[in-house]
Amino acid sequence: TKISINIGGFVIPVCISVYVIIQGATGALSADPFYLLRILGGVIAVTALTYFLAKPVKNIGIALPFFAAPLMAVACGLLLGGGFGLPAAGIAFVSGTLGTLIGADLLHLKDLPSEGSGILSIGGAGTFDGIFLAGIIAAFLTAF
């Protein structure tokens, strides 16, 4: 099985998430000293949800109900970020992207060889796959 890494579904979302985490660490997003722990809590929550909802599907890859990750990321952003605003958007974006990437793709790598696929794409087969959209939708809904 060949493993490929999708630019729009893995590299770009991870880079933006790292940027948001750095902004959170420097206090640019929130003055809360526990902001990074709140981000980590959101990532863990979305990872757990997507891990249990994602299922390997023969000849397709990993299937996940589309709105599950964005809605969980919105909930994490609002609950952990203290309501609507920039801190919540940061938590929602990082939770939505990294949580979905870890829970749906990375933790299910062990399940895919039984699928019989010759190529495995981490981050989805399409450009700006559901991983990136989960983060964007969640950040957009919590930013206002």
# chains A, B, ... in the order shown; residues from 1 in each chain; ligands from 1

$ residues_around --residues "Leu107 in chain A" --least-positions-apart "6" --cutoff "10 Å" --atoms "only C-alpha atoms" --output "PyMOL selection string"
chain A and resi 47-48+50-51+54+100-101

$ write_last_selection --atoms "all heavy atoms" --output "tab-separated table (two decimals), in the first residue's frame"
chain	number	residue	atom	x	y	z
A	47	THR	N	-11.11	14.21	18.21
A	47	THR	CA	-10.42	12.97	17.83
A	47	THR	C	-11.24	11.76	18.26
A	47	THR	O	-11.44	10.82	17.47
A	47	THR	CB	-9.01	12.91	18.47
A	47	THR	OG1	-8.23	13.98	17.96
A	47	THR	CG2	-8.33	11.60	18.17
A	48	ALA	N	-11.70	11.76	19.50
A	48	ALA	CA	-12.49	10.62	20.00
A	48	ALA	C	-13.76	10.43	19.19
A	48	ALA	O	-14.09	9.30	18.79
A	48	ALA	CB	-12.81	10.83	21.48
A	50	THR	N	-14.53	11.48	16.08
A	50	THR	CA	-14.30	11.07	14.69
A	50	THR	C	-13.74	9.65	14.61
A	50	THR	O	-14.04	8.93	13.66
A	50	THR	CB	-13.37	12.04	13.96
A	50	THR	OG1	-12.14	12.17	14.66
A	50	THR	CG2	-14.03	13.40	13.81
A	51	TYR	N	-12.96	9.24	15.61
A	51	TYR	CA	-12.45	7.88	15.60
A	51	TYR	C	-13.60	6.87	15.65
A	51	TYR	O	-13.60	5.88	14.92
A	51	TYR	CB	-11.48	7.64	16.75
A	51	TYR	CG	-10.99	6.22	16.82
A	51	TYR	CD1	-10.04	5.77	15.91
A	51	TYR	CD2	-11.50	5.33	17.75
A	51	TYR	CE1	-9.60	4.45	15.94
A	51	TYR	CE2	-11.05	4.02	17.80
A	51	TYR	CZ	-10.11	3.58	16.89
A	51	TYR	OH	-9.68	2.28	16.91
A	54	ALA	N	-15.88	7.29	12.24
A	54	ALA	CA	-15.25	7.01	10.94
A	54	ALA	C	-15.18	5.51	10.71
A	54	ALA	O	-14.83	4.75	11.61
A	54	ALA	CB	-13.85	7.61	10.89
A	100	THR	N	-10.01	15.80	13.47
A	100	THR	CA	-10.50	14.96	12.37
A	100	THR	C	-9.35	14.21	11.71
A	100	THR	O	-9.46	13.03	11.40
A	100	THR	CB	-11.25	15.83	11.33
A	100	THR	OG1	-12.29	16.54	11.99
A	100	THR	CG2	-11.83	14.97	10.23
A	101	LEU	N	-8.25	14.89	11.50
A	101	LEU	CA	-7.09	14.25	10.89
A	101	LEU	C	-6.58	13.09	11.74
A	101	LEU	O	-6.35	11.99	11.22
A	101	LEU	CB	-5.98	15.28	10.70
A	101	LEU	CG	-4.70	14.78	10.05
A	101	LEU	CD1	-4.97	14.33	8.63
A	101	LEU	CD2	-3.66	15.86	10.06

$ closest_atom_pairs --of "range 63-141 of chain A" --to "range 13-18 of chain A" --cutoff "8 Å" --atoms "only C-alpha atoms" --output "JSON lines"
{"residue": "A:Phe93", "atom": "CA", "partner": "A:Ser17", "partner_atom": "CA", "distance": 7.2}
{"residue": "A:Val94", "atom": "CA", "partner": "A:Ser17", "partner_atom": "CA", "distance": 5.2}
{"residue": "A:Thr97", "atom": "CA", "partner": "A:Pro13", "partner_atom": "CA", "distance": 6.3}
{"residue": "A:Leu98", "atom": "CA", "partner": "A:Val14", "partner_atom": "CA", "distance": 7.0}
{"residue": "A:Ile131", "atom": "CA", "partner": "A:Pro13", "partner_atom": "CA", "distance": 7.6}
{"residue": "A:Phe132", "atom": "CA", "partner": "A:Pro13", "partner_atom": "CA", "distance": 5.7}

$ write_last_selection --atoms "C-alpha atoms" --output "PDB file, in the first residue's frame"
ATOM      1  CA  PHE A  93     -10.385  25.437  13.876  1.00  0.00           C
ATOM      2  CA  VAL A  94      -7.573  23.473  15.504  1.00  0.00           C
ATOM      3  CA  THR A  97      -8.742  20.009  11.626  1.00  0.00           C
ATOM      4  CA  LEU A  98      -6.323  18.157  13.891  1.00  0.00           C
ATOM      5  CA  ILE A 131     -10.633  17.885   7.293  1.00  0.00           C
ATOM      6  CA  PHE A 132     -10.012  21.439   6.161  1.00  0.00           C
TER       7      PHE A 132
END

$ select_by_dssp --residues "chain A" --states "strand (DSSP E or B)" --output "list in words"
Lys2, Ile3, Ser4, Ile5, Lys55, Pro56, Val57, Gly61, Ile62, Ala63, Ile119, Leu120, Ser121 and Ile122 of chain A

$ residues_around --residues "Leu141 in chain A" --least-positions-apart "2" --cutoff "12 Å" --atoms "only C-alpha atoms" --output "list in words"
Pro70, Leu71, Met72, Ala73, Val74, Ala75, Cys76, Gly77, Leu78, Gly83, Phe84, Gly85, Leu86, Ala88, Ala89, Gly90, Ile91, Ala92, Phe93, Gly96, Leu133, Ala134, Gly135, Ile136, Ile137, Ala138, Ala139, Ala143 and Phe144 of chain A

$ write_last_selection --atoms "N, CA and C atoms" --output "PDB file, in the first residue's frame"
ATOM      1  N   PRO A  70     -17.431  19.097  12.262  1.00  0.00           N
ATOM      2  CA  PRO A  70     -17.637  20.539  12.440  1.00  0.00           C
ATOM      3  C   PRO A  70     -18.530  20.885  13.625  1.00  0.00           C
ATOM      4  N   LEU A  71     -19.590  20.115  13.847  1.00  0.00           N
ATOM      5  CA  LEU A  71     -20.478  20.409  14.972  1.00  0.00           C
ATOM      6  C   LEU A  71     -19.787  20.170  16.313  1.00  0.00           C
ATOM      7  N   MET A  72     -18.992  19.112  16.406  1.00  0.00           N
ATOM      8  CA  MET A  72     -18.252  18.859  17.632  1.00  0.00           C
ATOM      9  C   MET A  72     -17.206  19.946  17.851  1.00  0.00           C
ATOM     10  N   ALA A  73     -16.547  20.384  16.784  1.00  0.00           N
ATOM     11  CA  ALA A  73     -15.549  21.443  16.896  1.00  0.00           C
ATOM     12  C   ALA A  73     -16.198  22.765  17.309  1.00  0.00           C
ATOM     13  N   VAL A  74     -17.387  23.047  16.795  1.00  0.00           N
ATOM     14  CA  VAL A  74     -18.128  24.253  17.207  1.00  0.00           C
ATOM     15  C   VAL A  74     -18.453  24.164  18.698  1.00  0.00           C
ATOM     16  N   ALA A  75     -18.941  23.016  19.123  1.00  0.00           N
ATOM     17  CA  ALA A  75     -19.266  22.842  20.545  1.00  0.00           C
ATOM     18  C   ALA A  75     -18.026  23.024  21.411  1.00  0.00           C
ATOM     19  N   CYS A  76     -16.909  22.455  20.989  1.00  0.00           N
ATOM     20  CA  CYS A  76     -15.654  22.617  21.752  1.00  0.00           C
ATOM     21  C   CYS A  76     -15.226  24.073  21.775  1.00  0.00           C
ATOM     22  N   GLY A  77     -15.325  24.745  20.640  1.00  0.00           N
ATOM     23  CA  GLY A  77     -14.939  26.149  20.586  1.00  0.00           C
ATOM     24  C   GLY A  77     -15.775  27.013  21.505  1.00  0.00           C
ATOM     25  N   LEU A  78     -17.083  26.801  21.475  1.00  0.00           N
ATOM     26  CA  LEU A  78     -17.979  27.613  22.300  1.00  0.00           C
ATOM     27  C   LEU A  78     -17.821  27.300  23.786  1.00  0.00           C
ATOM     28  N   GLY A  83     -17.574  31.106  24.733  1.00  0.00           N
ATOM     29  CA  GLY A  83     -18.594  31.753  23.908  1.00  0.00           C
ATOM     30  C   GLY A  83     -18.021  32.165  22.564  1.00  0.00           C
ATOM     31  N   PHE A  84     -18.781  32.935  21.826  1.00  0.00           N
ATOM     32  CA  PHE A  84     -18.381  33.347  20.485  1.00  0.00           C
ATOM     33  C   PHE A  84     -17.198  34.311  20.545  1.00  0.00           C
ATOM     34  N   GLY A  85     -16.382  34.306  19.505  1.00  0.00           N
ATOM     35  CA  GLY A  85     -15.263  35.228  19.409  1.00  0.00           C
ATOM     36  C   GLY A  85     -14.003  34.545  18.913  1.00  0.00           C
ATOM     37  N   LEU A  86     -12.933  35.304  18.870  1.00  0.00           N
ATOM     38  CA  LEU A  86     -11.668  34.820  18.339  1.00  0.00           C
ATOM     39  C   LEU A  86     -11.090  33.629  19.108  1.00  0.00           C
ATOM     40  N   ALA A  88     -12.674  31.282  20.673  1.00  0.00           N
ATOM     41  CA  ALA A  88     -13.492  30.117  20.303  1.00  0.00           C
ATOM     42  C   ALA A  88     -13.191  29.670  18.879  1.00  0.00           C
ATOM     43  N   ALA A  89     -12.976  30.617  17.972  1.00  0.00           N
ATOM     44  CA  ALA A  89     -12.667  30.273  16.580  1.00  0.00           C
ATOM     45  C   ALA A  89     -11.343  29.531  16.476  1.00  0.00           C
ATOM     46  N   GLY A  90     -10.353  29.951  17.250  1.00  0.00           N
ATOM     47  CA  GLY A  90      -9.065  29.259  17.240  1.00  0.00           C
ATOM     48  C   GLY A  90      -9.185  27.834  17.736  1.00  0.00           C
ATOM     49  N   ILE A  91      -9.899  27.664  18.832  1.00  0.00           N
ATOM     50  CA  ILE A  91     -10.111  26.316  19.376  1.00  0.00           C
ATOM     51  C   ILE A  91     -10.892  25.468  18.384  1.00  0.00           C
ATOM     52  N   ALA A  92     -11.925  26.032  17.795  1.00  0.00           N
ATOM     53  CA  ALA A  92     -12.757  25.295  16.851  1.00  0.00           C
ATOM     54  C   ALA A  92     -11.965  24.874  15.621  1.00  0.00           C
ATOM     55  N   PHE A  93     -11.148  25.782  15.082  1.00  0.00           N
ATOM     56  CA  PHE A  93     -10.385  25.437  13.876  1.00  0.00           C
ATOM     57  C   PHE A  93      -9.393  24.311  14.159  1.00  0.00           C
ATOM     58  N   GLY A  96     -11.210  21.064  14.950  1.00  0.00           N
ATOM     59  CA  GLY A  96     -11.834  20.495  13.751  1.00  0.00           C
ATOM     60  C   GLY A  96     -10.835  19.876  12.798  1.00  0.00           C
ATOM     61  N   LEU A 133     -12.381  21.573   5.687  1.00  0.00           N
ATOM     62  CA  LEU A 133     -13.718  22.168   5.782  1.00  0.00           C
ATOM     63  C   LEU A 133     -14.262  22.111   7.205  1.00  0.00           C
ATOM     64  N   ALA A 134     -13.943  21.061   7.947  1.00  0.00           N
ATOM     65  CA  ALA A 134     -14.380  20.966   9.347  1.00  0.00           C
ATOM     66  C   ALA A 134     -13.831  22.140  10.141  1.00  0.00           C
ATOM     67  N   GLY A 135     -12.573  22.448   9.938  1.00  0.00           N
ATOM     68  CA  GLY A 135     -11.964  23.568  10.654  1.00  0.00           C
ATOM     69  C   GLY A 135     -12.517  24.907  10.222  1.00  0.00           C
ATOM     70  N   ILE A 136     -12.673  25.101   8.927  1.00  0.00           N
ATOM     71  CA  ILE A 136     -13.181  26.379   8.409  1.00  0.00           C
ATOM     72  C   ILE A 136     -14.624  26.603   8.857  1.00  0.00           C
ATOM     73  N   ILE A 137     -15.465  25.608   8.722  1.00  0.00           N
ATOM     74  CA  ILE A 137     -16.876  25.748   9.119  1.00  0.00           C
ATOM     75  C   ILE A 137     -16.973  26.025  10.610  1.00  0.00           C
ATOM     76  N   ALA A 138     -16.225  25.287  11.408  1.00  0.00           N
ATOM     77  CA  ALA A 138     -16.278  25.475  12.857  1.00  0.00           C
ATOM     78  C   ALA A 138     -15.773  26.857  13.255  1.00  0.00           C
ATOM     79  N   ALA A 139     -14.661  27.290  12.667  1.00  0.00           N
ATOM     80  CA  ALA A 139     -14.116  28.614  12.995  1.00  0.00           C
ATOM     81  C   ALA A 139     -15.089  29.707  12.577  1.00  0.00           C
ATOM     82  N   ALA A 143     -16.786  32.410  15.288  1.00  0.00           N
ATOM     83  CA  ALA A 143     -16.068  33.687  15.273  1.00  0.00           C
ATOM     84  C   ALA A 143     -16.960  34.885  15.585  1.00  0.00           C
ATOM     85  N   PHE A 144     -18.237  34.767  15.345  1.00  0.00           N
ATOM     86  CA  PHE A 144     -19.109  35.947  15.496  1.00  0.00           C
ATOM     87  C   PHE A 144     -19.745  36.047  16.843  1.00  0.00           C
TER      88      PHE A 144
END

$ atom_distance --atom1 "CA of Leu64 in chain A" --atom2 "CA of Phe52 in chain A"
9.4 Å

$ residues_around --residues "Val43 in chain A" --least-positions-apart "2" --cutoff "7 Å" --atoms "only C-alpha atoms" --output "PyMOL selection string"
chain A and resi 39-41+45-47+94-95+98-99

$ closest_residue --among "A:Asn6, A:Ser121, A:Ser30, A:Gln23" --to "Ile62 in chain A" --atoms "only C-alpha atoms"
A:Ser121

$ atom_distance --atom1 "CA of Gly81 in chain A" --atom2 "CA of Ile7 in chain A"
28.6 Å

$ closest_residue --among "A:Tyr35, A:Gly9, A:Ile122, A:Ile3" --to "Gly82 in chain A" --atoms "only C-alpha atoms"
A:Tyr35

$ select_by_dssp --residues "chain A" --states "helix (DSSP H, G or I)" --output "PyMOL selection string"
chain A and resi 7-25+35-53+68-80+86-111+113-115+130-143

$ write_last_selection --atoms "C-alpha atoms" --output "mmCIF file, in the first residue's frame"
data_model
loop_
_atom_site.group_PDB
_atom_site.id
_atom_site.type_symbol
_atom_site.label_atom_id
_atom_site.label_comp_id
_atom_site.auth_asym_id
_atom_site.auth_seq_id
_atom_site.Cartn_x
_atom_site.Cartn_y
_atom_site.Cartn_z
ATOM 1 C CA ILE A 7 -1.680 19.069 0.343
ATOM 2 C CA GLY A 8 -5.155 20.559 0.818
ATOM 3 C CA GLY A 9 -6.360 18.038 3.377
ATOM 4 C CA PHE A 10 -3.206 17.568 5.446
ATOM 5 C CA VAL A 11 -0.311 19.974 4.862
ATOM 6 C CA ILE A 12 -2.232 23.270 4.670
ATOM 7 C CA PRO A 13 -4.589 22.535 7.610
ATOM 8 C CA VAL A 14 -1.696 21.378 9.806
ATOM 9 C CA CYS A 15 0.345 24.486 8.939
ATOM 10 C CA ILE A 16 -2.575 26.796 9.729
ATOM 11 C CA SER A 17 -3.276 24.880 12.949
ATOM 12 C CA VAL A 18 0.357 25.245 14.027
ATOM 13 C CA TYR A 19 0.097 28.975 13.305
ATOM 14 C CA VAL A 20 -3.071 29.244 15.415
ATOM 15 C CA ILE A 21 -1.422 27.284 18.231
ATOM 16 C CA ILE A 22 1.591 29.629 18.139
ATOM 17 C CA GLN A 23 -0.738 32.640 18.215
ATOM 18 C CA GLY A 24 -2.501 31.109 21.201
ATOM 19 C CA ALA A 25 0.795 30.475 22.965
ATOM 20 C CA TYR A 35 -5.716 28.474 26.282
ATOM 21 C CA LEU A 36 -3.372 25.799 24.913
ATOM 22 C CA LEU A 37 -4.871 23.232 27.284
ATOM 23 C CA ARG A 38 -8.310 24.224 26.027
ATOM 24 C CA ILE A 39 -7.136 23.646 22.454
ATOM 25 C CA LEU A 40 -5.747 20.257 23.474
ATOM 26 C CA GLY A 41 -9.054 19.357 25.128
ATOM 27 C CA GLY A 42 -10.930 20.235 21.949
ATOM 28 C CA VAL A 43 -8.559 18.205 19.799
ATOM 29 C CA ILE A 44 -8.970 15.190 22.090
ATOM 30 C CA ALA A 45 -12.771 15.482 22.044
ATOM 31 C CA VAL A 46 -13.010 15.745 18.243
ATOM 32 C CA THR A 47 -10.422 12.967 17.830
ATOM 33 C CA ALA A 48 -12.486 10.624 20.000
ATOM 34 C CA LEU A 49 -15.735 11.417 18.192
ATOM 35 C CA THR A 50 -14.300 11.067 14.694
ATOM 36 C CA TYR A 51 -12.449 7.876 15.595
ATOM 37 C CA PHE A 52 -15.667 6.184 16.657
ATOM 38 C CA LEU A 53 -17.761 7.548 13.768
ATOM 39 C CA ALA A 68 -20.106 15.374 12.873
ATOM 40 C CA ALA A 69 -16.624 16.911 13.120
ATOM 41 C CA PRO A 70 -17.637 20.539 12.440
ATOM 42 C CA LEU A 71 -20.478 20.409 14.972
ATOM 43 C CA MET A 72 -18.252 18.859 17.632
ATOM 44 C CA ALA A 73 -15.549 21.443 16.896
ATOM 45 C CA VAL A 74 -18.128 24.253 17.207
ATOM 46 C CA ALA A 75 -19.266 22.842 20.545
ATOM 47 C CA CYS A 76 -15.654 22.617 21.752
ATOM 48 C CA GLY A 77 -14.939 26.149 20.586
ATOM 49 C CA LEU A 78 -17.979 27.613 22.300
ATOM 50 C CA LEU A 79 -17.605 25.639 25.532
ATOM 51 C CA LEU A 80 -13.843 25.826 25.890
ATOM 52 C CA LEU A 86 -11.668 34.820 18.339
ATOM 53 C CA PRO A 87 -10.590 32.444 21.150
ATOM 54 C CA ALA A 88 -13.492 30.117 20.303
ATOM 55 C CA ALA A 89 -12.667 30.273 16.580
ATOM 56 C CA GLY A 90 -9.065 29.259 17.240
ATOM 57 C CA ILE A 91 -10.111 26.316 19.376
ATOM 58 C CA ALA A 92 -12.757 25.295 16.851
ATOM 59 C CA PHE A 93 -10.385 25.437 13.876
ATOM 60 C CA VAL A 94 -7.573 23.473 15.504
ATOM 61 C CA SER A 95 -10.015 20.974 17.052
ATOM 62 C CA GLY A 96 -11.834 20.495 13.751
ATOM 63 C CA THR A 97 -8.742 20.009 11.626
ATOM 64 C CA LEU A 98 -6.323 18.157 13.891
ATOM 65 C CA GLY A 99 -9.060 16.196 15.658
ATOM 66 C CA THR A 100 -10.497 14.962 12.369
ATOM 67 C CA LEU A 101 -7.093 14.252 10.892
ATOM 68 C CA ILE A 102 -5.975 12.244 13.920
ATOM 69 C CA GLY A 103 -9.277 10.510 14.671
ATOM 70 C CA ALA A 104 -10.464 9.713 11.177
ATOM 71 C CA ASP A 105 -7.236 9.263 9.216
ATOM 72 C CA LEU A 106 -4.211 8.565 11.385
ATOM 73 C CA LEU A 107 -5.843 6.287 13.967
ATOM 74 C CA HIS A 108 -7.526 4.282 11.200
ATOM 75 C CA LEU A 109 -4.336 3.581 9.255
ATOM 76 C CA LYS A 110 -4.243 0.114 10.803
ATOM 77 C CA ASP A 111 -7.726 -0.632 9.444
ATOM 78 C CA PRO A 113 -4.746 -2.577 4.602
ATOM 79 C CA SER A 114 -7.652 -5.020 4.935
ATOM 80 C CA GLU A 115 -9.571 -2.805 2.536
ATOM 81 C CA GLY A 130 -13.551 17.400 4.896
ATOM 82 C CA ILE A 131 -10.633 17.885 7.293
ATOM 83 C CA PHE A 132 -10.012 21.439 6.161
ATOM 84 C CA LEU A 133 -13.718 22.168 5.782
ATOM 85 C CA ALA A 134 -14.380 20.966 9.347
ATOM 86 C CA GLY A 135 -11.964 23.568 10.654
ATOM 87 C CA ILE A 136 -13.181 26.379 8.409
ATOM 88 C CA ILE A 137 -16.876 25.748 9.119
ATOM 89 C CA ALA A 138 -16.278 25.475 12.857
ATOM 90 C CA ALA A 139 -14.116 28.614 12.995
ATOM 91 C CA PHE A 140 -16.636 30.572 10.923
ATOM 92 C CA LEU A 141 -19.572 29.569 13.125
ATOM 93 C CA THR A 142 -17.807 30.474 16.366
ATOM 94 C CA ALA A 143 -16.068 33.687 15.273
#

$ atom_distance --atom1 "CA of Lys2 in chain A" --atom2 "CA of Gly123 in chain A"
14.0 Å
